[in-house]
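J.: Structure file query_28.tsv (TSV, C-alpha atoms) is given on the next line.
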chain	number	residue	atom	x	y	z
A	1226	MET	CA	-0.18	-9.41	-22.60
A	1227	THR	CA	-1.61	-7.49	-19.65
A	1228	SER	CA	-4.44	-5.12	-20.51
A	1229	LYS	CA	-4.52	-1.56	-19.25
A	1230	GLY	CA	-7.73	-2.40	-17.37
A	1231	ASP	CA	-6.09	-5.32	-15.57
A	1232	LEU	CA	-3.19	-3.16	-14.50
A	1233	GLU	CA	-5.43	-0.32	-13.31
A	1234	ALA	CA	-7.66	-2.72	-11.38
A	1235	PHE	CA	-4.67	-4.28	-9.63
A	1236	GLU	CA	-2.97	-0.99	-8.85
A	1237	SER	CA	-6.17	0.44	-7.37
A	1238	HIS	CA	-6.06	-2.33	-4.75
A	1239	ARG	CA	-2.29	-2.66	-4.28
A	1240	ALA	CA	-2.11	-0.71	-1.00
A	1241	ALA	CA	-4.95	-2.72	0.52
A	1242	LEU	CA	-3.35	-6.00	-0.58
A	1243	LEU	CA	0.03	-4.96	0.81
A	1244	GLY	CA	-1.61	-3.90	4.08
A	1245	LEU	CA	-3.32	-7.28	4.35
A	1246	ALA	CA	-0.13	-9.22	3.64
A	1247	TYR	CA	1.93	-7.09	6.03
A	1248	ARG	CA	-0.56	-7.60	8.85
A	1249	MET	CA	-0.71	-11.33	8.15
A	1250	LEU	CA	3.07	-11.83	7.92
A	1251	GLY	CA	4.55	-8.97	9.97
A	1252	ASP	CA	7.27	-8.58	7.35
A	1253	LEU	CA	7.18	-5.94	4.61
A	1254	GLY	CA	9.58	-7.72	2.27
A	1255	ARG	CA	7.62	-10.96	2.39
A	1256	ALA	CA	4.38	-8.99	2.01
A	1257	GLN	CA	5.72	-7.33	-1.13
A	1258	ASP	CA	6.67	-10.74	-2.53
A	1259	VAL	CA	3.15	-12.03	-1.86
A	1260	VAL	CA	1.59	-9.05	-3.63
A	1261	GLN	CA	3.90	-9.58	-6.61
A	1262	ASP	CA	2.88	-13.24	-6.71
A	1263	ALA	CA	-0.78	-12.15	-6.60
A	1264	TRP	CA	-0.12	-9.87	-9.57
A	1265	LEU	CA	1.22	-12.79	-11.58
A	1266	ARG	CA	-1.82	-14.90	-10.71
A	1267	TRP	CA	-4.11	-12.02	-11.59
A	1268	GLN	CA	-2.52	-11.84	-15.03
A	1269	GLU	CA	-2.87	-15.61	-15.54
A	1270	ARG	CA	-6.37	-16.06	-14.08
A	1271	GLY	CA	-8.10	-17.04	-17.35
A	1272	VAL	CA	-11.61	-16.50	-15.91
A	1273	ALA	CA	-14.04	-13.60	-15.72
A	1274	VAL	CA	-13.97	-11.87	-12.34
A	1275	GLU	CA	-16.98	-9.98	-10.99
A	1276	SER	CA	-15.12	-8.40	-8.06
A	1277	PRO	CA	-11.39	-7.88	-8.65
A	1278	LYS	CA	-10.88	-6.79	-5.03
A	1279	ALA	CA	-12.48	-9.91	-3.55
A	1280	PHE	CA	-10.57	-12.09	-6.01
A	1281	LEU	CA	-7.22	-10.48	-5.16
A	1282	VAL	CA	-7.84	-10.44	-1.41
A	1283	THR	CA	-8.61	-14.15	-1.60
A	1284	ILE	CA	-5.38	-14.85	-3.49
A	1285	VAL	CA	-3.27	-12.84	-1.02
A	1286	THR	CA	-4.91	-14.49	2.00
A	1287	ARG	CA	-4.24	-17.97	0.62
A	1288	LEU	CA	-0.64	-17.12	-0.18
A	1289	CYS	CA	-0.12	-15.75	3.33
A	1290	LEU	CA	-1.70	-18.80	4.98
A	1291	ASN	CA	0.53	-21.06	2.88
A	1292	GLU	CA	3.56	-19.03	3.93
A	1293	LEU	CA	2.57	-19.18	7.59
A	1294	GLY	CA	2.10	-22.92	7.34
A	1295	SER	CA	5.75	-23.55	6.44
A	1296	ALA	CA	8.05	-25.11	9.03
A	1297	ARG	CA	10.26	-22.01	9.07
A	1298	ALA	CA	7.33	-19.69	9.69
A	1299	ARG	CA	5.97	-21.90	12.47
A	1300	ARG	CA	9.34	-21.78	14.23
A	1301	GLU	CA	9.42	-18.01	13.88
A	1302	GLU	CA	5.85	-17.60	15.12
A	1303	ALA	CA	6.65	-19.64	18.22
A	1304	ARG	CA	9.32	-17.18	19.43
A	1305	ARG	CA	8.12	-15.11	22.37
A	1306	ASP	CA	10.60	-12.33	21.55
A	1307	ARG	CA	9.46	-11.95	17.95
A	1308	LEU	CA	8.35	-8.52	16.74
A	1309	PRO	CA	6.91	-7.41	13.40
A	1310	GLU	CA	9.09	-5.42	11.05
A	1311	PRO	CA	8.74	-1.67	11.74
A	1312	VAL	CA	7.94	0.28	8.60
A	1313	ASP	CA	7.69	3.84	7.32
A	1314	LEU	CA	4.15	3.79	5.95
A	1315	ASP	CA	4.88	6.40	3.29
A	1316	GLU	CA	7.98	4.67	1.97
A	1317	GLY	CA	6.41	1.23	2.29
A	1318	GLY	CA	3.42	2.11	0.12
A	1319	LEU	CA	0.92	1.77	2.98
A	1320	ALA	CA	0.04	5.42	3.66
A	1321	ARG	CA	-3.02	5.28	1.38
A	1322	LEU	CA	-4.84	2.86	3.66
A	1323	GLU	CA	-7.87	4.22	5.51
A	1324	GLU	CA	-7.26	2.07	8.60
A	1325	LEU	CA	-3.74	3.36	9.31
A	1326	GLU	CA	-4.14	3.07	13.07
A	1327	GLN	CA	-4.44	-0.68	12.61
A	1328	LEU	CA	-0.81	-0.72	11.44
A	1329	SER	CA	0.53	0.61	14.76
A	1330	MET	CA	3.14	-1.63	16.38
A	1331	ALA	CA	0.82	-2.29	19.34
A	1332	ILE	CA	-1.83	-3.73	17.01
A	1333	MET	CA	0.74	-5.54	14.87
A	1334	VAL	CA	2.13	-7.32	17.94
A	1335	VAL	CA	-1.36	-8.45	18.95
A	1336	LEU	CA	-2.02	-9.73	15.44
A	1337	GLU	CA	1.25	-11.63	15.46
A	1338	ARG	CA	0.20	-13.41	18.66
A	1339	LEU	CA	-3.00	-14.64	17.01
A	1340	LYS	CA	-3.08	-17.95	15.16
A	1341	PRO	CA	-2.93	-17.53	11.37
A	1342	ALA	CA	-6.58	-18.55	10.95
A	1343	GLU	CA	-7.67	-16.05	13.62
A	1344	ARG	CA	-5.65	-13.34	11.90
A	1345	ALA	CA	-7.24	-14.10	8.54
A	1346	VAL	CA	-10.79	-14.25	9.89
A	1347	LEU	CA	-10.39	-10.95	11.73
A	1348	LEU	CA	-8.87	-9.05	8.81
A	1349	LEU	CA	-11.21	-10.46	6.18
A	1350	HIS	CA	-14.30	-9.68	8.26
A	1351	GLU	CA	-13.31	-6.37	9.86
A	1352	VAL	CA	-11.33	-4.77	7.03
A	1353	PHE	CA	-12.71	-6.34	3.86
A	1354	ASP	CA	-16.27	-7.13	4.98
A	1355	PHE	CA	-16.16	-10.76	3.82
A	1356	ARG	CA	-19.09	-12.99	4.80
A	1357	HIS	CA	-18.42	-15.85	7.22
A	1358	GLU	CA	-19.39	-18.34	4.52
A	1359	ASP	CA	-16.71	-16.99	2.18
A	1360	ILE	CA	-14.11	-16.81	4.94
A	1361	ALA	CA	-14.88	-20.39	5.96
A	1362	ARG	CA	-13.91	-21.70	2.54
A	1363	LEU	CA	-10.66	-19.75	2.66
A	1364	VAL	CA	-9.50	-20.94	6.08
A	1365	SER	CA	-10.96	-24.46	5.79
A	1366	ARG	CA	-13.26	-24.04	8.79
A	1367	SER	CA	-17.03	-24.01	9.21
A	1368	PRO	CA	-18.87	-20.66	9.42
A	1369	ALA	CA	-19.66	-21.41	13.07
A	1370	VAL	CA	-15.99	-21.95	13.87
A	1371	CYS	CA	-15.11	-18.75	12.00
A	1372	ARG	CA	-17.50	-16.81	14.23
A	1373	LYS	CA	-15.76	-18.21	17.31
A	1374	LEU	CA	-12.34	-17.37	15.87
A	1375	LEU	CA	-13.53	-13.83	15.16
A	1376	GLU	CA	-14.86	-13.38	18.69
A	1377	ARG	CA	-11.59	-14.58	20.21
A	1378	ALA	CA	-9.50	-12.38	17.91
A	1379	ARG	CA	-11.65	-9.32	18.65
A	1380	GLN	CA	-11.13	-9.80	22.39
A	1381	ARG	CA	-7.37	-9.95	21.93
A	1382	VAL	CA	-7.22	-6.94	19.63
A	1383	SER	CA	-9.37	-4.77	21.92
A	1384	GLU	CA	-6.40	-4.48	24.30
A	1385	GLY	CA	-4.16	-3.34	21.48
A	1386	ARG	CA	-6.71	-0.69	20.47
A	1387	ARG	CA	-6.49	0.78	23.96
A	1388	LEU	CA	-2.84	1.47	23.21
A	1389	ILE	CA	-3.45	3.61	20.11
A	1390	THR	CA	-5.65	6.27	21.69
A	1391	ALA	CA	-2.90	8.67	22.86
A	1392	SER	CA	-2.42	11.87	20.89
A	1393	ARG	CA	0.64	12.28	18.72
A	1394	ASP	CA	1.93	15.03	21.04
A	1395	GLU	CA	1.65	12.83	24.12
A	1396	HIS	CA	3.30	9.95	22.31
A	1397	GLN	CA	6.16	12.19	21.18
A	1398	ARG	CA	6.59	13.71	24.64
A	1399	LEU	CA	6.90	10.33	26.34
A	1400	LEU	CA	9.24	9.00	23.66
A	1401	ASP	CA	11.53	12.03	24.03
A	1402	ALA	CA	11.49	11.71	27.82
A	1403	PHE	CA	12.28	7.99	27.52
A	1404	LEU	CA	15.29	8.76	25.32
A	1405	ARG	CA	16.58	11.42	27.71
A	1406	ALA	CA	16.25	9.21	30.77
A	1407	ALA	CA	17.81	6.20	29.03
A	1408	SER	CA	20.70	8.28	27.68
A	1409	ALA	CA	21.34	9.67	31.17
A	1410	GLY	CA	21.11	6.24	32.76
A	1411	ASP	CA	18.36	7.56	35.05
A	1412	ALA	CA	16.38	4.48	36.12
A	1413	ALA	CA	14.18	6.48	38.48
A	1414	ALA	CA	13.10	8.88	35.73
A	1415	LEU	CA	12.45	5.95	33.41
A	1416	GLY	CA	10.34	4.23	36.03
A	1417	GLU	CA	8.14	7.33	36.30
A	1418	LEU	CA	7.40	7.16	32.57
A	1419	LEU	CA	6.44	3.49	32.60
A	1420	ALA	CA	3.19	1.85	33.63
A	1421	ALA	CA	3.56	-0.44	36.65
A	1422	ASP	CA	3.04	-3.50	34.44
A	1423	ALA	CA	4.98	-2.15	31.45
A	1424	VAL	CA	6.33	-4.75	29.02
A	1425	LEU	CA	9.61	-4.68	27.10
A	1426	ILE	CA	10.12	-6.94	24.07
A	1427	THR	CA	13.52	-7.11	22.37
A	1428	ASP	CA	13.85	-9.03	19.10
A	1429	GLY	CA	17.36	-10.00	18.07
A	1430	GLY	CA	16.28	-12.43	15.37
A	1431	PRO	CA	16.09	-16.26	15.43
A	1432	GLU	CA	19.67	-16.61	16.67
A	1433	GLY	CA	19.50	-13.71	19.11
A	1434	ARG	CA	21.86	-10.78	19.17
A	1435	VAL	CA	24.69	-9.74	21.50
A	1436	PHE	CA	25.91	-6.15	21.76
A	1437	LYS	CA	28.89	-5.31	23.97
A	1438	GLY	CA	28.30	-8.37	26.10
A	1439	VAL	CA	24.53	-7.92	26.47
A	1440	ARG	CA	22.17	-10.37	24.78
A	1441	ASN	CA	18.65	-9.43	23.77
A	1442	LEU	CA	15.92	-10.81	26.02
A	1443	ARG	CA	14.45	-14.07	24.76
A	1444	ARG	CA	11.10	-13.40	26.40
A	1445	PRO	CA	9.12	-10.29	27.37
A	1446	LEU	CA	10.26	-8.43	30.49
A	1447	VAL	CA	7.41	-7.22	32.72
A	1448	GLY	CA	7.36	-4.49	35.36
A	1449	ALA	CA	8.42	-0.83	35.39
A	1450	ARG	CA	11.37	-1.37	37.73
A	1451	GLN	CA	12.70	-4.34	35.77
A	1452	VAL	CA	12.30	-2.61	32.41
A	1453	ALA	CA	13.96	0.60	33.67
A	1454	ALA	CA	16.88	-1.35	35.12
A	1455	PHE	CA	17.48	-3.28	31.88
A	1456	VAL	CA	17.20	-0.19	29.68
A	1457	THR	CA	19.61	1.88	31.76
A	1458	ALA	CA	22.11	-1.00	32.02
A	1459	THR	CA	22.19	-1.55	28.27
A	1460	SER	CA	22.04	2.12	27.19
A	1461	ARG	CA	25.28	2.85	29.06
A	1462	ARG	CA	27.08	0.52	26.66
A	1463	ALA	CA	25.53	1.91	23.51
A	1464	GLU	CA	27.42	4.22	21.17
A	1465	LEU	CA	24.81	4.68	18.51
A	1466	GLU	CA	23.49	7.51	16.38
A	1467	VAL	CA	19.83	8.29	16.97
A	1468	GLU	CA	17.38	9.24	14.23
A	1469	ARG	CA	13.79	10.29	14.87
A	1470	ARG	CA	11.41	8.60	12.44
A	1471	GLU	CA	7.72	7.98	11.89
A	1472	LEU	CA	7.22	4.21	12.00
A	1473	ASN	CA	3.90	2.39	11.83
A	1474	GLY	CA	2.17	5.76	12.01
A	1475	ARG	CA	3.75	6.80	15.32
A	1476	PRO	CA	6.90	8.70	16.39
A	1477	ALA	CA	9.78	6.24	16.84
A	1478	LEU	CA	13.56	6.07	17.04
A	1479	VAL	CA	16.03	4.32	14.77
A	1480	PHE	CA	19.55	3.69	16.05
A	1481	HIS	CA	22.40	3.53	13.55
A	1482	ARG	CA	25.88	2.08	13.85
A	1483	GLU	CA	28.53	2.78	11.23
A	1484	GLY	CA	25.91	4.11	8.85
A	1485	ARG	CA	23.61	1.09	9.10
A	1486	PRO	CA	20.36	0.65	11.04
A	1487	PHE	CA	21.12	-1.23	14.26
A	1488	ALA	CA	17.72	-1.20	15.95
A	1489	ALA	CA	14.33	0.52	16.05
A	1490	LEU	CA	12.55	1.60	19.21
A	1491	LEU	CA	8.78	2.01	19.31
A	1492	ILE	CA	6.44	2.49	22.25
A	1493	ALA	CA	2.75	2.05	23.04
A	1494	VAL	CA	1.12	4.70	25.21
A	1495	ALA	CA	-2.08	4.80	27.27
A	1496	GLU	CA	-3.28	6.66	30.37
A	1497	GLY	CA	-0.25	8.97	30.36
A	1498	ARG	CA	2.29	6.16	30.68
A	1499	ILE	CA	4.40	3.98	28.40
A	1500	GLN	CA	2.69	0.61	28.45
A	1501	GLN	CA	4.93	-1.30	26.03
A	1502	VAL	CA	8.43	-0.85	24.65
A	1503	PHE	CA	9.40	-2.60	21.42
A	1504	PHE	CA	13.07	-2.91	20.49
A	1505	GLN	CA	13.55	-4.46	17.06
A	1506	ALA	CA	17.19	-5.44	16.51
A	1507	ASP	CA	16.82	-8.27	14.00
A	1508	PRO	CA	19.05	-7.19	11.06
A	1509	ALA	CA	16.72	-8.95	8.60
A	1510	ARG	CA	13.84	-6.75	9.77
A	1511	LEU	CA	15.67	-3.45	9.56
A	1512	TYR	CA	16.27	-3.63	5.83
A	1513	HIS	CA	13.89	-0.79	4.99
A	1514	LEU	CA	15.22	1.61	7.65
A	1515	ALA	CA	18.32	2.98	5.98
A	1516	PRO	CA	19.13	6.54	7.14
A	1517	ALA	CA	16.71	9.13	5.78
A	1518	HIS	CA	18.36	11.94	3.80
Could you render the structure from this file as structure tokens?

T.:
Amino acid sequence: MTSKGDLEAFESHRAALLGLAYRMLGDLGRAQDVVQDAWLRWQERGVAVESPKAFLVTIVTRLCLNELGSARARREEARRDRLPEPVDLDEGGLARLEELEQLSMAIMVVLERLKPAERAVLLLHEVFDFRHEDIARLVSRSPAVCRKLLERARQRVSEGRRLITASRDEHQRLLDAFLRAASAGDAAALGELLAADAVLITDGGPEGRVFKGVRNLRRPLVGARQVAAFVTATSRRAELEVERRELNGRPALVFHREGRPFAALLIAVAEGRIQQVFFQADPARLYHLAPAH
């Protein structure tokens, strides 16, 4: 039987564990499953634990690394068009985290491009303040290798952090302008909103997705002119309801078709321009975006 103390200890760390699993896996549903599995192992531990948080973080990290080592996960991770699942932080149970900016889609995409061991080393060191010696045992590397992995991961993530400095008002203004220009089919106006080297990523799932004869891009599209042309060409065919939402801590759009979420649109902003456009249209990763009422 679970003691009240065990339950309270676990619940006090649930948000942090879920945040760790979500950043490791990029999928809220799988992250929730991992946290539930960690709860079962916490109940069955059979040993005295000095630091419940360290113990639980270790369990969740191992479970995530095991998950990422599966053949299915390796195939998924290899896709260049793959995007993390967009989430409402309040509804997903992540709003209590102190490092909310680290859940932005720009950061999540960078994390997803890291190798699993790099991801783990970065999160364990930067978020949970684990020592390199403890991390080394978890990821089956030497402390020296862990330091190199951390340095490499930090360099990659620094670019993502540049994309989370815009104010909420600026982010909202550019998102609204993007929607107006796309809806009007105005490629010139769209081009003015985009950085010269803007990137568009569209995720239609492992099998891809076709909508009114247009297939999602299987690799990132680079360049303001190219992105504007693709967006205007595809938006003309769309007959979707638009809902404004807060996803990953930033203003975003969710498109619905026949009462079901069809896609989510998120952007990354820096220096007064849209630097990245993320279009998540994988049905399996829209599960948590039912229309808000």

J.: Would you kindly return, as a VMD selection string, each protein, DNA or RNA residue with an atom no farther than 12 Å from any atom of A:Leu1348, considering only C-alpha atoms and excluding same-chain residues fewer than 3 positions away?

T.: chain A and resid 1241 to 1242 1244 to 1249 1282 to 1283 1285 to 1286 1324 1327 to 1328 1333 1336 1339 1341 to 1345 1351 to 1357 1360 1371 1374 to 1375 1378 to 1379 1382

J.: So that I have them on file, write out the residues from the current selection with C-alpha atoms, as a compact mmCIF listing (two decimals), in the frame of the given file.

T.:
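The resulting again.txt:
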# COMPACT_ATOMS: atom_id res chain seq x y z
CA ALA A 1241 -4.95 -2.72 0.52
CA LEU A 1242 -3.35 -6.00 -0.58
CA GLY A 1244 -1.61 -3.90 4.08
CA LEU A 1245 -3.32 -7.28 4.35
CA ALA A 1246 -0.13 -9.22 3.64
CA TYR A 1247 1.93 -7.09 6.03
CA ARG A 1248 -0.56 -7.60 8.85
CA MET A 1249 -0.71 -11.33 8.15
CA VAL A 1282 -7.84 -10.44 -1.41
CA THR A 1283 -8.61 -14.15 -1.60
CA VAL A 1285 -3.27 -12.84 -1.02
CA THR A 1286 -4.91 -14.49 2.00
CA GLU A 1324 -7.26 2.07 8.60
CA GLN A 1327 -4.44 -0.68 12.61
CA LEU A 1328 -0.81 -0.72 11.44
CA MET A 1333 0.74 -5.54 14.87
CA LEU A 1336 -2.02 -9.73 15.44
CA LEU A 1339 -3.00 -14.64 17.01
CA PRO A 1341 -2.93 -17.53 11.37
CA ALA A 1342 -6.58 -18.55 10.95
CA GLU A 1343 -7.67 -16.05 13.62
CA ARG A 1344 -5.65 -13.34 11.90
CA ALA A 1345 -7.24 -14.10 8.54
CA GLU A 1351 -13.31 -6.37 9.86
CA VAL A 1352 -11.33 -4.77 7.03
CA PHE A 1353 -12.71 -6.34 3.86
CA ASP A 1354 -16.27 -7.13 4.98
CA PHE A 1355 -16.16 -10.76 3.82
CA ARG A 1356 -19.09 -12.99 4.80
CA HIS A 1357 -18.42 -15.85 7.22
CA ILE A 1360 -14.11 -16.81 4.94
CA CYS A 1371 -15.11 -18.75 12.00
CA LEU A 1374 -12.34 -17.37 15.87
CA LEU A 1375 -13.53 -13.83 15.16
CA ALA A 1378 -9.50 -12.38 17.91
CA ARG A 1379 -11.65 -9.32 18.65
CA VAL A 1382 -7.22 -6.94 19.63

J.: Using atom CA of A:Arg1266 and atom CA of A:Gly1318 as the two end points, give the distance in Å to one decimal.

T.: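 So the answer is 20.8 Å.
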
J.: Determine, for each residue of stretch 1233-1350 of chain A having at least one atom at most 12 Å from an atom of stretch 1482-1501 of chain A, the closest pair of atoms and their separation in Å to one decimal, counting only C-alpha atoms; order by chain and ascending number, as a Markdown table.

T.:
| residue | atom | partner | partner_atom | distance |
| --- | --- | --- | --- | --- |
| A:Leu1308 | CA | A:Leu1491 | CA | 10.8 |
| A:Pro1309 | CA | A:Ala1489 | CA | 11.2 |
| A:Glu1310 | CA | A:Ala1489 | CA | 9.4 |
| A:Pro1311 | CA | A:Ala1489 | CA | 7.4 |
| A:Val1312 | CA | A:Ala1489 | CA | 9.8 |
| A:Asp1313 | CA | A:Ala1489 | CA | 11.5 |
| A:Ser1329 | CA | A:Ala1493 | CA | 8.7 |
| A:Met1330 | CA | A:Leu1491 | CA | 7.3 |
| A:Ala1331 | CA | A:Ala1493 | CA | 6.0 |
| A:Ile1332 | CA | A:Ala1493 | CA | 9.5 |
| A:Met1333 | CA | A:Ala1493 | CA | 11.3 |
| A:Val1334 | CA | A:Gln1501 | CA | 10.5 |
| A:Val1335 | CA | A:Gln1501 | CA | 11.9 |

J.: Given the choices A:Arg1239, A:Arg1305, A:Arg1386, A:Lys1229, which gets closest to A:Gly1317 if the distance is worked out from only C-alpha atoms?

T.: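 Closest candidate: A:Arg1239.
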
J.: Quick one: residues within 7 Å of stretch 1454-1470 of chain A, only C-alpha atoms counted, chain neighbours fewer than 4 positions away excluded, as a list in words?

T.: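 That gives Ala1407, Ser1408, Gly1410, Asp1411, Ala1412, Lys1437, Arg1450, Pro1476, Ala1477, Leu1478, Val1479, Phe1480, His1481 and Arg1482 of chain A.
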
J.: What separation in Å, quoted to one decimal, exists between atom CA of A:Arg1321 and atom CA of A:Ala1256?

T.: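 Spanning atom CA of A:Arg1321 to atom CA of A:Ala1256 is a straight-line distance of 16.1 Å.
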
J.: What does the distance between atom CA of A:Glu1302 and atom CA of A:Leu1319 come to in Å, to one decimal place?

T.: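 Taking atom CA of A:Glu1302 and atom CA of A:Leu1319, their separation equals 23.4 Å.
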
J.: Measuring atom to atom with only C-alpha atoms, identify which of A:Leu1232, A:Ala1263, A:Ala1506, A:Leu1399 is nearest to A:Glu1432.

T.: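 Checking each candidate against A:Glu1432, we get A:Ala1506 as the closest.
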